[in-house]
>>> print(open('coords-v9.tsv').read())   # TSV, C-alpha atoms
chain	number	residue	atom	x	y	z
E	267	MET	CA	9.25	4.36	-31.44
E	268	GLY	CA	10.64	2.45	-28.44
E	269	LEU	CA	9.57	5.21	-26.03
E	270	LEU	CA	6.05	5.17	-27.45
E	271	LEU	CA	5.85	1.40	-27.06
E	272	PHE	CA	7.20	1.61	-23.50
E	273	ALA	CA	4.73	4.37	-22.58
E	274	SER	CA	1.83	2.29	-23.85
E	275	ARG	CA	3.01	-0.70	-21.76
E	276	THR	CA	3.76	-2.91	-24.71
E	277	GLY	CA	5.06	-6.36	-23.78
E	278	ARG	CA	8.64	-7.49	-24.39
E	279	PRO	CA	7.71	-10.02	-27.11
E	280	VAL	CA	6.28	-7.17	-29.23
E	281	PHE	CA	9.48	-5.19	-28.63
E	282	ARG	CA	11.53	-8.18	-29.88
E	283	ILE	CA	9.46	-8.57	-33.04
E	284	LEU	CA	9.48	-4.84	-33.88
E	285	ASN	CA	13.21	-4.66	-33.12
E	286	ARG	CA	13.97	-7.53	-35.52
E	287	LEU	CA	11.84	-5.85	-38.19
E	288	GLY	CA	13.87	-2.67	-37.71
E	289	VAL	CA	10.85	-0.63	-36.60
E	290	SER	CA	11.88	-0.07	-32.97
E	291	THR	CA	14.83	-0.21	-30.62
E	292	SER	CA	15.14	-3.11	-28.21
E	293	TYR	CA	13.50	-3.06	-24.79
E	294	ARG	CA	16.89	-2.79	-23.05
E	295	THR	CA	17.98	0.16	-25.24
E	296	THR	CA	14.67	1.91	-24.54
E	297	VAL	CA	15.07	1.44	-20.77
E	298	LEU	CA	18.67	2.75	-20.91
E	299	ARG	CA	17.44	5.79	-22.86
E	300	ILE	CA	14.75	6.42	-20.23
E	301	HIS	CA	17.40	6.26	-17.48
E	302	LYS	CA	19.55	8.80	-19.37
E	303	LEU	CA	16.53	11.09	-19.78
E	304	ALA	CA	15.85	10.78	-16.04
E	305	GLU	CA	19.49	11.70	-15.25
E	306	ARG	CA	19.26	14.79	-17.47
E	307	ALA	CA	15.95	15.77	-15.89
E	308	SER	CA	17.45	15.31	-12.43
E	309	LYS	CA	20.42	17.56	-13.27
E	310	ALA	CA	18.10	20.17	-14.79
E	311	LEU	CA	15.91	20.06	-11.69
E	312	CYS	CA	18.93	20.47	-9.39
E	313	SER	CA	20.12	23.46	-11.41
E	314	VAL	CA	16.73	25.14	-10.90
E	315	GLY	CA	17.49	25.10	-7.16
E	316	TYR	CA	20.20	27.75	-7.59
E	317	ASP	CA	20.07	31.20	-9.15
E	318	GLU	CA	22.64	32.61	-11.58
E	319	HIS	CA	24.86	33.71	-8.65
E	320	GLY	CA	24.89	30.24	-7.04
E	321	ASN	CA	22.51	31.16	-4.20
E	322	LYS	CA	19.96	28.59	-3.05
E	323	ARG	CA	16.36	29.04	-4.14
E	324	TYR	CA	13.41	27.60	-2.24
E	325	PHE	CA	10.17	26.28	-3.66
E	326	LEU	CA	6.68	25.48	-2.50
E	327	VAL	CA	5.50	22.32	-4.23
E	328	VAL	CA	1.75	21.95	-4.68
E	329	TYR	CA	0.36	18.48	-5.39
E	330	ASP	CA	-3.11	17.68	-6.68
E	331	ASN	CA	-4.80	14.35	-7.35
E	332	ILE	CA	-6.29	13.87	-10.78
E	333	ASN	CA	-9.06	11.34	-11.33
E	334	LYS	CA	-10.43	10.98	-14.85
E	335	HIS	CA	-13.29	8.64	-15.67
E	336	ARG	CA	-12.96	7.13	-19.14
E	337	LYS	CA	-16.25	5.73	-20.30
E	338	ALA	CA	-16.26	3.05	-22.97
E	339	TRP	CA	-18.73	3.86	-25.75
E	340	MET	CA	-19.47	0.23	-26.44
E	341	ALA	CA	-18.55	-1.93	-23.49
E	342	ALA	CA	-17.11	-5.29	-24.47
E	343	PHE	CA	-14.53	-7.73	-23.18
E	344	GLY	CA	-11.32	-5.69	-22.80
E	345	LYS	CA	-13.16	-2.39	-23.35
E	346	GLN	CA	-14.75	-1.36	-20.09
E	347	SER	CA	-15.07	2.04	-18.45
E	348	ASN	CA	-12.17	2.76	-16.12
E	349	MET	CA	-10.85	5.40	-13.78
E	350	GLN	CA	-7.43	6.87	-14.47
E	351	ASN	CA	-5.69	8.27	-11.41
E	352	GLY	CA	-2.62	10.42	-11.22
E	353	THR	CA	-0.89	13.26	-9.44
E	354	ALA	CA	0.07	16.66	-10.84
E	355	GLN	CA	2.55	19.00	-9.19
E	356	THR	CA	3.52	22.62	-9.58
E	357	ALA	CA	6.57	24.31	-8.05
E	358	ILE	CA	6.27	27.95	-6.93
E	359	LEU	CA	9.46	29.92	-6.30
E	360	LEU	CA	9.61	31.42	-2.79
E	361	GLU	CA	11.31	34.80	-2.84
E	362	ASP	CA	13.19	36.66	-0.09
E	363	VAL	CA	13.69	33.55	2.07
E	364	PRO	CA	16.22	34.40	4.80
E	365	ASP	CA	18.99	31.97	5.74
E	366	GLY	CA	17.81	29.45	8.31
E	367	ALA	CA	14.12	29.97	7.54
E	368	PHE	CA	13.64	26.23	7.05
E	369	ASN	CA	15.72	25.19	10.07
E	370	THR	CA	13.58	22.64	11.90
E	371	GLU	CA	15.55	22.65	15.16
E	372	PRO	CA	13.52	25.43	16.88
E	373	VAL	CA	10.25	23.69	15.93
E	374	LEU	CA	11.44	20.31	17.20
E	375	GLU	CA	12.75	21.91	20.38
E	376	ALA	CA	9.38	23.61	21.01
E	377	CYS	CA	7.59	20.28	20.38
E	378	ASN	CA	9.87	18.47	22.84
E	379	LYS	CA	9.29	21.14	25.50
E	380	GLY	CA	5.50	20.96	24.97
E	381	LEU	CA	5.18	24.70	24.36
E	382	ARG	CA	2.06	24.15	22.29
E	383	ARG	CA	0.09	23.55	25.48
E	384	ASN	CA	0.71	27.21	26.40
E	385	LEU	CA	-0.92	28.38	23.17
E	386	THR	CA	-4.56	29.08	23.98
E	387	THR	CA	-7.37	30.91	22.22
E	388	GLN	CA	-7.27	33.65	24.86
E	389	ARG	CA	-3.56	34.18	24.21
E	390	LEU	CA	-4.12	34.42	20.45
E	391	VAL	CA	-7.02	36.88	20.90
E	392	ALA	CA	-4.87	38.99	23.22
E	393	ASP	CA	-2.23	39.29	20.45
E	394	ILE	CA	-4.74	40.83	18.01
E	395	ASN	CA	-4.64	44.61	17.72
E	396	HIS	CA	-8.41	45.17	17.59
E	397	ASP	CA	-8.16	48.95	17.12
E	398	HIS	CA	-5.96	48.52	14.07
E	399	LEU	CA	-8.30	45.83	12.72
E	400	LYS	CA	-11.27	48.21	13.04
E	401	ARG	CA	-9.36	50.97	11.22
E	402	VAL	CA	-8.43	48.65	8.36
E	403	GLY	CA	-12.03	47.38	8.11
E	404	THR	CA	-13.29	50.96	7.97
E	405	GLY	CA	-10.64	51.70	5.33
E	406	HIS	CA	-11.93	48.87	3.15
E	407	VAL	CA	-15.48	50.19	3.41
E	408	LEU	CA	-14.20	53.67	2.47
E	409	ARG	CA	-12.31	52.18	-0.47
E	410	ILE	CA	-15.54	50.62	-1.78
E	411	LEU	CA	-17.47	53.85	-1.28
E	412	VAL	CA	-14.93	56.08	-3.07
E	413	GLU	CA	-14.80	53.59	-5.95
E	414	HIS	CA	-18.57	53.35	-6.50
E	415	VAL	CA	-19.98	56.71	-5.33
E	416	PRO	CA	-19.06	59.39	-7.88
E	417	ILE	CA	-19.16	62.38	-5.50
E	418	LEU	CA	-16.70	60.61	-3.12
E	419	GLN	CA	-14.13	59.77	-5.81
E	420	GLN	CA	-12.23	62.97	-4.94
E	421	TYR	CA	-11.08	61.22	-1.74
E	422	THR	CA	-9.57	58.17	-3.51
E	423	LYS	CA	-6.00	59.42	-3.12
E	424	THR	CA	-6.42	60.09	0.60
E	425	VAL	CA	-7.90	56.64	1.27
E	426	GLU	CA	-5.12	54.91	-0.71
E	427	GLN	CA	-2.45	56.89	1.19
E	428	ARG	CA	-3.84	55.54	4.46
E	429	PHE	CA	-3.40	51.98	3.19
E	430	GLN	CA	0.21	52.84	2.33
E	431	SER	CA	0.97	54.44	5.71
E	432	SER	CA	-1.16	54.06	8.86
E	433	TYR	CA	-2.94	50.82	7.85
E	434	ALA	CA	0.30	49.12	6.80
E	435	ILE	CA	2.05	47.10	9.51
E	436	HIS	CA	3.80	44.28	7.63
E	437	ARG	CA	3.45	45.18	3.98
E	438	LEU	CA	4.29	42.41	1.59
E	439	PRO	CA	5.84	43.40	-1.71
E	440	THR	CA	3.45	42.80	-4.56
E	441	ARG	CA	4.92	40.73	-7.35
E	442	ARG	CA	3.98	37.98	-9.71
E	443	SER	CA	4.95	34.49	-8.54
E	444	THR	CA	7.37	32.47	-10.63
E	445	ILE	CA	5.63	29.17	-11.31
E	446	PHE	CA	7.20	26.04	-12.77
E	447	PRO	CA	4.44	23.82	-14.22
E	448	PRO	CA	5.09	20.05	-14.41
E	449	GLN	CA	6.28	20.08	-18.02
E	450	ASN	CA	9.07	22.54	-17.06
E	451	LEU	CA	10.35	20.52	-14.10
>>> encode(input="coords-v9.tsv", output="structure tokens")
Amino acid sequence: MGLLLFASRTGRPVFRILNRLGVSTSYRTTVLRIHKLAERASKALCSVGYDEHGNKRYFLVVYDNINKHRKAWMAAFGKQSNMQNGTAQTAILLEDVPDGAFNTEPVLEACNKGLRRNLTTQRLVADINHDHLKRVGTGHVLRILVEHVPILQQYTKTVEQRFQSSYAIHRLPTRRSTIFPPQNL
């Protein structure tokens, strides 16, 4: 009952009265319980950062603002429409992260040297393999054609093999992401 009262921002005098009636714990006991819950949650969160073999795991944390307008049906003193604001987060497990991937020293060193000034649009365009890009674009058009034109469906296997071999430069393994929603953190 104390946690419910605390969550609804009940004042200390109400805590005192309900505690003396034997309905709730005291305010101090409730706060101590919340601190213990926070410690347990912190330990559980730290344990998520390591796999069963003790290796570090890395996460991408996505934050989103939540704004909910609560309209009062019958506005009166103390019952007005209000906006509730909050933040929700989700942690996504990053897989196959090599050691040193999040080392910031090379980035800071490049910033200090001003290497970003050397990065121009012409330089980026020169790094693009336009021939390969054209082949992959053509492959996607072929993929659509063999999927939707019945007489061309005999070439489906050949088109898919090209995506597995000649169109593939840096293939990423396909897998389902491991997501930790806020209630599991």
>>> atom_distance(input="coords-v9.tsv", atom1="CA of Phe429 (chain E)", atom2="CA of Arg442 (chain E)")
20.4 Å
>>> residues_around(input="coords-v9.tsv", residues="Val314 (chain E)", least_positions_apart="2", cutoff="10 Å", atoms="only C-alpha atoms", output="list in words")
Ser308, Lys309, Ala310, Leu311, Cys312, Tyr316, Asp317, Glu318, Lys322, Arg323, Tyr324, Phe325, Leu359, Phe446 and Leu451 of chain E
>>> atom_distance(input="coords-v9.tsv", atom1="CA of Leu271 (chain E)", atom2="CA of Tyr293 (chain E)")
9.1 Å
>>> residues_around(input="coords-v9.tsv", residues="Asp330 (chain E)", least_positions_apart="5", cutoff="7 Å", atoms="only C-alpha atoms", output="CSV table (one decimal) with C-alpha atoms, keeping the file's coordinate frame")
chain,number,residue,atom,x,y,z
E,353,THR,CA,-0.9,13.3,-9.4
E,354,ALA,CA,0.1,16.7,-10.8
E,355,GLN,CA,2.6,19.0,-9.2
>>> atom_distance(input="coords-v9.tsv", atom1="CA of Asn333 (chain E)", atom2="CA of Asn348 (chain E)")
10.3 Å
>>> residues_around(input="coords-v9.tsv", residues="Gly268 (chain E)", least_positions_apart="4", cutoff="6 Å", atoms="all atoms listed in the file", output="list in words")
Ser290, Thr291 and Thr296 of chain E
>>> closest_residue(input="coords-v9.tsv", among="E:Asn351, E:Thr295, E:Ser431, E:Thr370", to="Arg282 (chain E)", atoms="all atoms listed in the file")
E:Thr295
>>> closest_residue(input="coords-v9.tsv", among="E:Leu408, E:Ile435, E:Leu399, E:Ile445", to="Thr422 (chain E)", atoms="all atoms listed in the file")
E:Leu408
>>> axis_aligned_box(input="coords-v9.tsv", around="region 363-378 of chain E", padding_each_side="6 Å", output="JSON")
{"center_x": 13.3, "center_y": 26.4, "center_z": 12.5, "size_x": 23.4, "size_y": 27.9, "size_z": 32.8}
>>> closest_residue(input="coords-v9.tsv", among="E:Leu374, E:Val327, E:Val297, E:Ala341", to="Ala357 (chain E)", atoms="all atoms listed in the file")
E:Val327
>>> decode(input="coords-v9.tsv", residues="region 307-343 of chain E", atoms="N, CA and C atoms", output="compact mmCIF listing (two decimals), in the first residue's frame")
# COMPACT_ATOMS: atom_id res chain seq x y z
N ALA E 307 17.36 -3.60 -9.02
CA ALA E 307 17.22 -3.32 -10.44
C ALA E 307 18.58 -2.96 -11.05
N SER E 308 19.39 -2.21 -10.29
CA SER E 308 20.72 -1.84 -10.77
C SER E 308 21.60 -3.08 -10.95
N LYS E 309 21.56 -4.00 -9.99
CA LYS E 309 22.35 -5.24 -10.11
C LYS E 309 21.86 -6.08 -11.27
N ALA E 310 20.54 -6.15 -11.45
CA ALA E 310 19.99 -6.93 -12.56
C ALA E 310 20.40 -6.30 -13.89
N LEU E 311 20.39 -4.98 -13.96
CA LEU E 311 20.79 -4.29 -15.18
C LEU E 311 22.27 -4.51 -15.49
N CYS E 312 23.11 -4.48 -14.46
CA CYS E 312 24.54 -4.73 -14.66
C CYS E 312 24.78 -6.16 -15.12
N SER E 313 24.01 -7.10 -14.63
CA SER E 313 24.20 -8.50 -15.04
C SER E 313 23.80 -8.71 -16.49
N VAL E 314 22.90 -7.87 -17.01
CA VAL E 314 22.51 -7.98 -18.42
C VAL E 314 23.70 -7.61 -19.32
N GLY E 315 24.61 -6.81 -18.81
CA GLY E 315 25.76 -6.35 -19.59
C GLY E 315 26.80 -7.42 -19.85
N TYR E 316 26.62 -8.62 -19.31
CA TYR E 316 27.57 -9.72 -19.53
C TYR E 316 26.80 -10.97 -19.93
N ASP E 317 27.39 -11.76 -20.83
CA ASP E 317 26.73 -13.01 -21.21
C ASP E 317 27.08 -14.10 -20.21
N GLU E 318 26.64 -15.32 -20.48
CA GLU E 318 26.83 -16.43 -19.54
C GLU E 318 28.31 -16.81 -19.38
N HIS E 319 29.17 -16.38 -20.31
CA HIS E 319 30.60 -16.69 -20.23
C HIS E 319 31.40 -15.54 -19.62
N GLY E 320 30.71 -14.46 -19.22
CA GLY E 320 31.40 -13.32 -18.62
C GLY E 320 31.91 -12.31 -19.62
N ASN E 321 31.57 -12.45 -20.89
CA ASN E 321 31.99 -11.49 -21.92
C ASN E 321 31.06 -10.28 -21.91
N LYS E 322 31.63 -9.11 -22.20
CA LYS E 322 30.83 -7.89 -22.25
C LYS E 322 29.84 -7.95 -23.40
N ARG E 323 28.67 -7.37 -23.17
CA ARG E 323 27.68 -7.21 -24.23
C ARG E 323 27.39 -5.73 -24.37
N TYR E 324 27.17 -5.29 -25.61
CA TYR E 324 26.93 -3.88 -25.88
C TYR E 324 25.49 -3.69 -26.34
N PHE E 325 24.94 -2.51 -26.01
CA PHE E 325 23.56 -2.22 -26.33
C PHE E 325 23.42 -0.87 -27.01
N LEU E 326 22.42 -0.78 -27.84
CA LEU E 326 21.99 0.49 -28.40
C LEU E 326 20.73 0.85 -27.62
N VAL E 327 20.71 2.03 -27.02
CA VAL E 327 19.55 2.44 -26.23
C VAL E 327 18.79 3.50 -27.03
N VAL E 328 17.53 3.22 -27.28
CA VAL E 328 16.67 4.12 -28.05
C VAL E 328 15.71 4.81 -27.09
N TYR E 329 15.70 6.13 -27.12
CA TYR E 329 14.81 6.91 -26.26
C TYR E 329 13.72 7.55 -27.12
N ASP E 330 12.55 7.70 -26.54
CA ASP E 330 11.46 8.36 -27.24
C ASP E 330 10.65 9.16 -26.24
N ASN E 331 10.27 10.37 -26.61
CA ASN E 331 9.44 11.20 -25.75
C ASN E 331 7.99 10.79 -25.91
N ILE E 332 7.28 10.77 -24.79
CA ILE E 332 5.86 10.44 -24.81
C ILE E 332 5.11 11.62 -24.23
N ASN E 333 4.15 12.12 -24.99
CA ASN E 333 3.31 13.22 -24.54
C ASN E 333 1.86 12.77 -24.67
N LYS E 334 1.15 12.74 -23.56
CA LYS E 334 -0.23 12.28 -23.57
C LYS E 334 -1.12 13.38 -23.00
N HIS E 335 -2.09 13.79 -23.80
CA HIS E 335 -3.02 14.83 -23.37
C HIS E 335 -4.19 14.16 -22.66
N ARG E 336 -4.40 14.54 -21.42
CA ARG E 336 -5.52 14.01 -20.63
C ARG E 336 -6.56 15.10 -20.51
N LYS E 337 -7.68 14.87 -21.15
CA LYS E 337 -8.74 15.87 -21.17
C LYS E 337 -9.73 15.59 -20.05
N ALA E 338 -10.04 16.61 -19.28
CA ALA E 338 -11.02 16.47 -18.20
C ALA E 338 -12.42 16.52 -18.82
N TRP E 339 -13.25 15.56 -18.44
CA TRP E 339 -14.61 15.53 -19.00
C TRP E 339 -15.42 16.73 -18.53
N MET E 340 -15.34 17.00 -17.26
CA MET E 340 -16.04 18.16 -16.72
C MET E 340 -15.01 19.00 -15.97
N ALA E 341 -14.54 20.05 -16.63
CA ALA E 341 -13.51 20.88 -16.04
C ALA E 341 -14.06 21.61 -14.81
N ALA E 342 -13.31 21.53 -13.73
CA ALA E 342 -13.66 22.22 -12.49
C ALA E 342 -12.36 22.56 -11.79
N PHE E 343 -12.47 23.21 -10.65
CA PHE E 343 -11.27 23.55 -9.90
C PHE E 343 -10.58 22.26 -9.45
